[in-house]
>>> print(open('structure-v5.cif').read())   # mmCIF, N, CA and C atoms
data_model
#
loop_
_atom_site.label_atom_id
_atom_site.label_comp_id
_atom_site.auth_asym_id
_atom_site.auth_seq_id
_atom_site.Cartn_x
_atom_site.Cartn_y
_atom_site.Cartn_z
N MET A 16 26.70 77.52 27.42
CA MET A 16 27.31 77.42 26.11
C MET A 16 27.43 78.83 25.53
N THR A 17 28.62 79.14 24.99
CA THR A 17 28.82 80.46 24.41
C THR A 17 28.63 80.39 22.90
N GLU A 18 28.24 81.52 22.34
CA GLU A 18 28.05 81.59 20.90
C GLU A 18 29.33 82.10 20.24
N THR A 19 29.57 81.66 19.02
CA THR A 19 30.71 82.16 18.27
C THR A 19 30.41 83.60 17.87
N PRO A 20 31.37 84.52 18.06
CA PRO A 20 31.14 85.93 17.73
C PRO A 20 30.86 86.12 16.24
N PRO A 21 30.20 87.23 15.90
CA PRO A 21 29.95 87.52 14.47
C PRO A 21 31.27 87.58 13.71
N LEU A 22 31.21 87.24 12.42
CA LEU A 22 32.41 87.17 11.61
C LEU A 22 33.21 88.47 11.58
N ASP A 23 32.55 89.60 11.60
CA ASP A 23 33.28 90.85 11.45
C ASP A 23 34.05 91.26 12.70
N GLU A 24 33.92 90.52 13.79
CA GLU A 24 34.67 90.83 15.01
C GLU A 24 35.99 90.08 15.10
N TRP A 25 36.24 89.11 14.24
CA TRP A 25 37.50 88.36 14.28
C TRP A 25 38.62 89.22 13.73
N PRO A 26 39.79 89.16 14.33
CA PRO A 26 40.93 89.91 13.77
C PRO A 26 41.32 89.32 12.42
N ARG A 27 41.79 90.18 11.56
CA ARG A 27 42.21 89.72 10.23
C ARG A 27 43.73 89.53 10.22
N PRO A 28 44.20 88.48 9.57
CA PRO A 28 45.65 88.25 9.52
C PRO A 28 46.33 89.31 8.66
N TYR A 29 47.59 89.56 8.99
CA TYR A 29 48.41 90.46 8.20
C TYR A 29 48.82 89.73 6.93
N ARG A 30 48.56 90.34 5.79
CA ARG A 30 48.79 89.69 4.50
C ARG A 30 50.01 90.29 3.81
N GLN A 31 51.16 89.64 3.94
CA GLN A 31 52.36 90.10 3.25
C GLN A 31 52.23 89.87 1.75
N LEU A 32 52.83 90.77 0.97
CA LEU A 32 52.71 90.70 -0.50
C LEU A 32 53.22 89.38 -1.06
N ASP A 33 54.32 88.85 -0.52
CA ASP A 33 54.86 87.58 -1.03
C ASP A 33 53.87 86.43 -0.86
N ALA A 34 52.93 86.57 0.07
CA ALA A 34 52.00 85.48 0.38
C ALA A 34 50.64 85.62 -0.29
N GLU A 35 50.45 86.57 -1.17
CA GLU A 35 49.14 86.74 -1.81
C GLU A 35 48.64 85.47 -2.50
N PRO A 36 49.48 84.69 -3.20
CA PRO A 36 48.98 83.44 -3.79
C PRO A 36 48.47 82.46 -2.73
N TYR A 37 49.06 82.47 -1.55
CA TYR A 37 48.60 81.62 -0.44
C TYR A 37 47.17 81.99 -0.05
N TRP A 38 46.92 83.29 0.14
CA TRP A 38 45.60 83.75 0.55
C TRP A 38 44.56 83.50 -0.54
N ALA A 39 44.94 83.68 -1.79
CA ALA A 39 44.02 83.41 -2.90
C ALA A 39 43.65 81.93 -2.94
N ALA A 40 44.61 81.05 -2.71
CA ALA A 40 44.33 79.61 -2.69
C ALA A 40 43.42 79.25 -1.52
N LEU A 41 43.64 79.87 -0.36
CA LEU A 41 42.78 79.57 0.79
C LEU A 41 41.32 79.90 0.49
N ALA A 42 41.09 80.95 -0.27
CA ALA A 42 39.71 81.32 -0.63
C ALA A 42 39.03 80.17 -1.38
N ASP A 43 39.83 79.35 -2.07
CA ASP A 43 39.31 78.17 -2.78
C ASP A 43 39.49 76.90 -1.96
N GLU A 44 39.79 77.05 -0.66
CA GLU A 44 40.02 75.93 0.26
C GLU A 44 41.13 75.01 -0.24
N ARG A 45 42.23 75.64 -0.63
CA ARG A 45 43.44 74.91 -1.01
C ARG A 45 44.58 75.45 -0.16
N LEU A 46 45.40 74.57 0.39
CA LEU A 46 46.55 74.94 1.19
C LEU A 46 47.79 74.88 0.30
N THR A 47 48.53 76.00 0.20
CA THR A 47 49.69 76.05 -0.67
C THR A 47 50.93 76.51 0.09
N TYR A 48 52.06 76.28 -0.51
CA TYR A 48 53.36 76.68 0.04
C TYR A 48 54.31 76.86 -1.15
N GLN A 49 55.49 77.38 -0.89
CA GLN A 49 56.47 77.55 -1.95
C GLN A 49 57.51 76.43 -1.90
N ARG A 50 58.07 76.11 -3.08
CA ARG A 50 59.20 75.18 -3.17
C ARG A 50 60.24 75.83 -4.07
N CYS A 51 61.49 75.68 -3.67
CA CYS A 51 62.60 76.26 -4.43
C CYS A 51 62.99 75.33 -5.57
N GLY A 52 63.05 75.87 -6.78
CA GLY A 52 63.45 75.09 -7.93
C GLY A 52 64.94 74.82 -7.98
N ALA A 53 65.73 75.60 -7.24
CA ALA A 53 67.18 75.41 -7.25
C ALA A 53 67.63 74.35 -6.25
N CYS A 54 67.17 74.45 -5.00
CA CYS A 54 67.64 73.50 -3.97
C CYS A 54 66.58 72.47 -3.58
N GLY A 55 65.33 72.67 -4.01
CA GLY A 55 64.27 71.70 -3.74
C GLY A 55 63.62 71.81 -2.38
N GLU A 56 64.05 72.75 -1.54
CA GLU A 56 63.49 72.88 -0.19
C GLU A 56 62.10 73.50 -0.21
N ALA A 57 61.26 73.06 0.72
CA ALA A 57 59.97 73.71 0.94
C ALA A 57 60.23 75.04 1.66
N VAL A 58 59.45 76.05 1.31
CA VAL A 58 59.64 77.38 1.87
C VAL A 58 58.32 77.87 2.47
N TRP A 59 58.36 78.18 3.76
CA TRP A 59 57.24 78.80 4.45
C TRP A 59 57.78 79.47 5.70
N PRO A 60 57.38 80.71 5.99
CA PRO A 60 56.42 81.53 5.26
C PRO A 60 56.97 81.97 3.91
N ALA A 61 56.07 82.57 3.12
CA ALA A 61 56.41 82.96 1.76
C ALA A 61 57.55 83.97 1.73
N HIS A 62 58.39 83.82 0.72
CA HIS A 62 59.53 84.72 0.51
C HIS A 62 59.61 85.09 -0.96
N SER A 63 60.39 86.11 -1.27
CA SER A 63 60.67 86.46 -2.66
C SER A 63 61.93 85.74 -3.15
N ARG A 64 62.77 85.28 -2.21
CA ARG A 64 63.97 84.50 -2.52
C ARG A 64 64.03 83.34 -1.53
N CYS A 65 64.65 82.25 -1.93
CA CYS A 65 64.76 81.07 -1.07
C CYS A 65 65.63 81.38 0.15
N PRO A 66 65.12 81.13 1.36
CA PRO A 66 65.92 81.36 2.56
C PRO A 66 67.02 80.30 2.75
N HIS A 67 66.96 79.23 1.98
CA HIS A 67 67.96 78.16 2.08
C HIS A 67 69.16 78.39 1.18
N CYS A 68 68.92 78.88 -0.06
CA CYS A 68 70.01 79.03 -1.02
C CYS A 68 70.04 80.38 -1.73
N ASP A 69 69.10 81.25 -1.44
CA ASP A 69 68.99 82.61 -1.99
C ASP A 69 68.58 82.64 -3.47
N ALA A 70 68.12 81.55 -4.02
CA ALA A 70 67.65 81.54 -5.41
C ALA A 70 66.28 82.21 -5.50
N ALA A 71 65.97 82.74 -6.67
CA ALA A 71 64.68 83.38 -6.90
C ALA A 71 63.71 82.44 -7.61
N GLU A 72 64.00 81.15 -7.60
CA GLU A 72 63.22 80.15 -8.34
C GLU A 72 62.14 79.50 -7.46
N LEU A 73 61.28 80.32 -6.88
CA LEU A 73 60.23 79.80 -6.00
C LEU A 73 58.93 79.63 -6.78
N THR A 74 58.31 78.46 -6.62
CA THR A 74 57.02 78.20 -7.24
C THR A 74 56.02 77.80 -6.16
N TRP A 75 54.77 78.05 -6.43
CA TRP A 75 53.70 77.68 -5.49
C TRP A 75 53.23 76.27 -5.81
N GLN A 76 53.07 75.47 -4.77
CA GLN A 76 52.58 74.10 -4.92
C GLN A 76 51.46 73.86 -3.92
N GLN A 77 50.59 72.95 -4.24
CA GLN A 77 49.50 72.62 -3.33
C GLN A 77 49.96 71.54 -2.35
N SER A 78 49.67 71.78 -1.09
CA SER A 78 49.99 70.82 -0.04
C SER A 78 48.93 69.73 0.01
N ARG A 79 49.33 68.55 0.45
CA ARG A 79 48.34 67.48 0.67
C ARG A 79 47.48 67.79 1.88
N GLY A 80 47.97 68.67 2.74
CA GLY A 80 47.19 69.05 3.92
C GLY A 80 47.25 68.03 5.04
N THR A 81 48.27 67.20 5.03
CA THR A 81 48.45 66.22 6.09
C THR A 81 49.80 66.43 6.75
N GLY A 82 49.86 66.08 8.02
CA GLY A 82 51.11 66.22 8.75
C GLY A 82 50.96 65.70 10.16
N THR A 83 51.84 66.18 11.04
CA THR A 83 51.80 65.78 12.44
C THR A 83 51.96 67.00 13.33
N VAL A 84 51.44 66.91 14.53
CA VAL A 84 51.60 67.99 15.50
C VAL A 84 53.06 68.02 15.92
N TYR A 85 53.70 69.18 15.76
CA TYR A 85 55.10 69.36 16.12
C TYR A 85 55.22 69.94 17.53
N SER A 86 54.37 70.91 17.85
CA SER A 86 54.29 71.49 19.20
C SER A 86 52.92 72.16 19.33
N TYR A 87 52.49 72.36 20.56
CA TYR A 87 51.17 72.98 20.75
C TYR A 87 51.05 73.57 22.14
N SER A 88 50.05 74.42 22.28
CA SER A 88 49.70 75.00 23.57
C SER A 88 48.20 75.24 23.58
N THR A 89 47.57 74.91 24.68
CA THR A 89 46.13 75.14 24.80
C THR A 89 45.91 76.43 25.58
N ILE A 90 45.08 77.28 25.00
CA ILE A 90 44.79 78.59 25.57
C ILE A 90 43.52 78.47 26.41
N GLY A 91 43.61 78.85 27.67
CA GLY A 91 42.47 78.76 28.57
C GLY A 91 41.81 80.10 28.84
N ARG A 92 42.48 81.17 28.43
CA ARG A 92 41.93 82.51 28.67
C ARG A 92 42.21 83.35 27.43
N GLY A 93 41.17 83.63 26.66
CA GLY A 93 41.32 84.35 25.41
C GLY A 93 41.76 85.79 25.61
N PRO A 94 42.64 86.32 24.75
CA PRO A 94 43.16 87.67 24.90
C PRO A 94 42.16 88.77 24.54
N THR A 95 41.13 88.43 23.78
CA THR A 95 40.09 89.40 23.40
C THR A 95 38.74 88.71 23.56
N PRO A 96 37.65 89.47 23.55
CA PRO A 96 36.34 88.84 23.71
C PRO A 96 36.02 87.77 22.67
N VAL A 97 36.43 87.97 21.40
CA VAL A 97 36.11 86.95 20.39
C VAL A 97 36.86 85.66 20.66
N TRP A 98 38.11 85.75 21.10
CA TRP A 98 38.87 84.54 21.42
C TRP A 98 38.38 83.93 22.73
N ALA A 99 38.00 84.75 23.67
CA ALA A 99 37.50 84.24 24.95
C ALA A 99 36.23 83.41 24.75
N ALA A 100 35.49 83.71 23.69
CA ALA A 100 34.24 82.99 23.43
C ALA A 100 34.47 81.54 23.00
N ILE A 101 35.70 81.20 22.57
CA ILE A 101 35.93 79.83 22.10
C ILE A 101 36.93 79.06 22.96
N VAL A 102 37.35 79.61 24.11
CA VAL A 102 38.28 78.87 24.96
C VAL A 102 37.61 77.62 25.53
N PRO A 103 38.36 76.56 25.78
CA PRO A 103 39.77 76.44 25.45
C PRO A 103 39.96 76.14 23.97
N TYR A 104 41.04 76.69 23.41
CA TYR A 104 41.42 76.36 22.04
C TYR A 104 42.91 76.09 22.01
N THR A 105 43.33 75.34 21.01
CA THR A 105 44.73 74.92 20.92
C THR A 105 45.35 75.49 19.66
N VAL A 106 46.56 76.00 19.81
CA VAL A 106 47.34 76.48 18.67
C VAL A 106 48.70 75.79 18.72
N GLY A 107 49.35 75.73 17.57
CA GLY A 107 50.67 75.13 17.57
C GLY A 107 51.22 75.01 16.17
N PHE A 108 52.36 74.36 16.07
CA PHE A 108 53.00 74.12 14.78
C PHE A 108 52.66 72.72 14.31
N VAL A 109 52.27 72.64 13.05
CA VAL A 109 52.04 71.37 12.38
C VAL A 109 53.17 71.20 11.37
N GLU A 110 53.82 70.03 11.41
CA GLU A 110 54.84 69.71 10.41
C GLU A 110 54.14 69.03 9.24
N LEU A 111 54.08 69.72 8.11
CA LEU A 111 53.38 69.21 6.94
C LEU A 111 54.22 68.15 6.24
N ALA A 112 53.55 67.24 5.54
CA ALA A 112 54.22 66.15 4.83
C ALA A 112 55.25 66.65 3.83
N GLU A 113 55.07 67.87 3.34
CA GLU A 113 55.98 68.43 2.34
C GLU A 113 57.26 68.99 2.94
N GLY A 114 57.34 69.04 4.28
CA GLY A 114 58.59 69.45 4.91
C GLY A 114 58.65 70.87 5.43
N TYR A 115 57.53 71.47 5.71
CA TYR A 115 57.54 72.80 6.31
C TYR A 115 56.62 72.81 7.53
N HIS A 116 56.75 73.84 8.36
CA HIS A 116 55.94 73.98 9.58
C HIS A 116 54.98 75.14 9.43
N LEU A 117 53.74 74.96 9.86
CA LEU A 117 52.72 75.99 9.78
C LEU A 117 52.14 76.21 11.17
N PHE A 118 52.11 77.45 11.63
CA PHE A 118 51.48 77.78 12.90
C PHE A 118 49.99 77.93 12.65
N THR A 119 49.16 77.22 13.43
CA THR A 119 47.74 77.12 13.13
C THR A 119 46.95 76.74 14.37
N GLN A 120 45.65 76.75 14.24
CA GLN A 120 44.79 76.23 15.29
C GLN A 120 44.66 74.72 15.09
N ILE A 121 44.68 73.99 16.20
CA ILE A 121 44.53 72.54 16.16
C ILE A 121 43.24 72.22 16.90
N GLU A 122 42.28 71.68 16.18
CA GLU A 122 40.97 71.41 16.76
C GLU A 122 40.93 70.07 17.46
N GLY A 123 40.07 69.99 18.46
CA GLY A 123 39.88 68.74 19.19
C GLY A 123 39.95 68.97 20.68
N ASP A 124 39.56 67.98 21.42
CA ASP A 124 39.63 68.02 22.87
C ASP A 124 41.10 68.20 23.25
N PRO A 125 41.45 69.27 23.99
CA PRO A 125 42.84 69.51 24.35
C PRO A 125 43.52 68.31 25.03
N ASP A 126 42.76 67.51 25.76
CA ASP A 126 43.34 66.35 26.44
C ASP A 126 43.74 65.23 25.48
N THR A 127 43.28 65.30 24.23
CA THR A 127 43.60 64.24 23.27
C THR A 127 44.67 64.64 22.26
N ILE A 128 45.08 65.90 22.27
CA ILE A 128 46.10 66.38 21.34
C ILE A 128 47.47 66.03 21.91
N GLU A 129 48.35 65.53 21.03
CA GLU A 129 49.69 65.17 21.49
C GLU A 129 50.69 65.36 20.36
N ILE A 130 51.95 65.58 20.72
CA ILE A 130 53.01 65.72 19.75
C ILE A 130 53.12 64.43 18.95
N GLY A 131 53.26 64.57 17.64
CA GLY A 131 53.34 63.41 16.75
C GLY A 131 51.99 62.93 16.25
N MET A 132 50.90 63.49 16.75
CA MET A 132 49.56 63.08 16.34
C MET A 132 49.35 63.42 14.86
N PRO A 133 48.89 62.46 14.04
CA PRO A 133 48.60 62.76 12.64
C PRO A 133 47.38 63.69 12.54
N VAL A 134 47.51 64.71 11.70
CA VAL A 134 46.43 65.68 11.51
C VAL A 134 46.22 65.94 10.03
N GLU A 135 45.06 66.51 9.73
CA GLU A 135 44.75 66.91 8.37
C GLU A 135 44.04 68.25 8.39
N VAL A 136 44.18 68.96 7.30
CA VAL A 136 43.63 70.31 7.21
C VAL A 136 42.12 70.28 6.99
N ARG A 137 41.48 71.28 7.51
CA ARG A 137 40.12 71.62 7.14
C ARG A 137 40.07 73.13 7.14
N PHE A 138 39.05 73.71 6.60
CA PHE A 138 39.01 75.16 6.41
C PHE A 138 37.82 75.76 7.14
N ILE A 139 38.06 76.92 7.76
CA ILE A 139 37.00 77.65 8.44
C ILE A 139 37.03 79.09 7.96
N GLU A 140 35.94 79.79 8.13
CA GLU A 140 35.91 81.21 7.80
C GLU A 140 35.80 82.01 9.08
N ARG A 141 36.70 82.97 9.20
CA ARG A 141 36.68 83.87 10.35
C ARG A 141 36.97 85.28 9.85
N GLY A 142 36.09 86.21 10.20
CA GLY A 142 36.30 87.59 9.78
C GLY A 142 36.33 87.76 8.28
N GLY A 143 35.58 86.92 7.56
CA GLY A 143 35.55 87.01 6.11
C GLY A 143 36.76 86.38 5.44
N GLN A 144 37.64 85.74 6.21
CA GLN A 144 38.85 85.13 5.67
C GLN A 144 38.81 83.61 5.88
N VAL A 145 39.06 82.84 4.84
CA VAL A 145 39.17 81.39 4.97
C VAL A 145 40.55 81.09 5.55
N LEU A 146 40.58 80.25 6.58
CA LEU A 146 41.82 79.89 7.26
C LEU A 146 41.95 78.38 7.39
N PRO A 147 43.19 77.88 7.37
CA PRO A 147 43.38 76.45 7.60
C PRO A 147 43.46 76.16 9.10
N VAL A 148 42.79 75.12 9.52
CA VAL A 148 42.93 74.59 10.88
C VAL A 148 43.17 73.09 10.71
N PHE A 149 43.69 72.47 11.73
CA PHE A 149 44.00 71.04 11.63
C PHE A 149 43.27 70.28 12.71
N ALA A 150 42.93 69.04 12.40
CA ALA A 150 42.26 68.15 13.34
C ALA A 150 42.85 66.75 13.16
N ARG A 151 42.65 65.90 14.15
CA ARG A 151 43.16 64.53 14.08
C ARG A 151 42.75 63.91 12.75
N ALA A 152 43.71 63.27 12.09
CA ALA A 152 43.45 62.63 10.81
C ALA A 152 42.57 61.41 11.02
N ASP A 153 41.57 61.26 10.17
CA ASP A 153 40.67 60.12 10.32
C ASP A 153 41.09 58.94 9.46
N GLY A 154 42.17 59.12 8.68
CA GLY A 154 42.67 58.01 7.88
C GLY A 154 42.02 57.88 6.52
N SER A 155 41.03 58.71 6.19
CA SER A 155 40.34 58.57 4.92
C SER A 155 40.97 59.39 3.81
N ARG A 156 41.91 60.28 4.14
CA ARG A 156 42.58 61.11 3.12
C ARG A 156 43.89 60.48 2.73
N ARG A 157 44.37 60.83 1.56
CA ARG A 157 45.67 60.37 1.08
C ARG A 157 46.70 61.43 1.26
#
>>> encode(input="structure-v5.cif", output="structure tokens")
Amino acid sequence: MTETPPLDEWPRPYRQLDAEPYWAALADERLTYQRCGACGEAVWPAHSRCPHCDAAELTWQQSRGTGTVYSYSTIGRGPTPVWAAIVPYTVGFVELAEGYHLFTQIEGDPDTIEIGMPVEVRFIERGGQVLPVFARADGSRR
């Protein structure tokens, strides 16, 4: 059994300025995204203008944190020592109920993960940063 590496060895995500409200919400274990007030489309990743209609009417909203697996890949050989310590792990796109896709880690036995599987968010801390990961939905959340 391998141990999880110390927190300070995890790589830190690149934090674009448009996404600062997203990172602040994650610190409070809340998953957020933008929605355009002009066309109503969900927007992710964060932008300063809507990529659908070019309006500047973007507001931050809290996601329910539920969705389905859209695509995934299981990693069997980690690219760095910290990632190698947790192989196998699965990453992929989750289609959130609000209509956007988020690239994330999907937890669970790789043999049980499948496209269309209902998932829900949970939060982990890595490298001093709270991050969203998804796991099979247990049906107890709304």
>>> axis_aligned_box(input="structure-v5.cif", around="segment 116-129 of chain A", padding_each_side="5 Å", output="AutoDock Vina command-line options")
--center_x 48.2 --center_y 71.1 --center_z 17.4 --size_x 27.2 --size_y 23.7 --size_z 28.1
>>> closest_residue(input="structure-v5.cif", among="A:Gly93, A:Gly52, A:Pro60, A:Gly131", to="Thr74 of chain A", atoms="only C-alpha atoms")
A:Gly52
>>> atom_distance(input="structure-v5.cif", atom1="atom CA of Val58 of chain A", atom2="atom CA of Leu117 of chain A")
10.6 Å
>>> select_by_dssp(input="structure-v5.cif", residues="segment 60-89 of chain A", states="strand (DSSP E)", output="list in words")
Leu73, Thr74, Trp75, Gln76, Gln77, Thr81, Gly82, Thr83, Val84, Tyr85, Ser86, Tyr87, Ser88 and Thr89 of chain A
>>> atom_distance(input="structure-v5.cif", atom1="atom CA of Thr89 of chain A", atom2="atom CA of Leu41 of chain A")
24.6 Å
>>> select_by_dssp(input="structure-v5.cif", residues="chain A", states="helix (DSSP H, G or I)", output="list in words")
Leu22, Asp23, Glu24, Leu32, Asp33, Ala34, Glu35, Pro36, Tyr37, Trp38, Ala39, Ala40, Leu41, Ala42, Pro96, Val97, Trp98, Ala99, Pro125, Asp126 and Thr127 of chain A
>>> atom_distance(input="structure-v5.cif", atom1="atom CA of Thr83 of chain A", atom2="atom CA of Gly114 of chain A")
10.8 Å
>>> resolve_selection(input="structure-v5.cif", expression="the PyMOL selection byres ((chain A and resi 130) around 6)", output="PyMOL selection string")
chain A and resi 84-86+128-129+131-132
>>> residues_around(input="structure-v5.cif", residues="Ser78 of chain A", least_positions_apart="3", cutoff="8 Å", atoms="all atoms listed in the file", output="VMD selection string")
chain A and resid 45 to 48 75 81 111 to 113
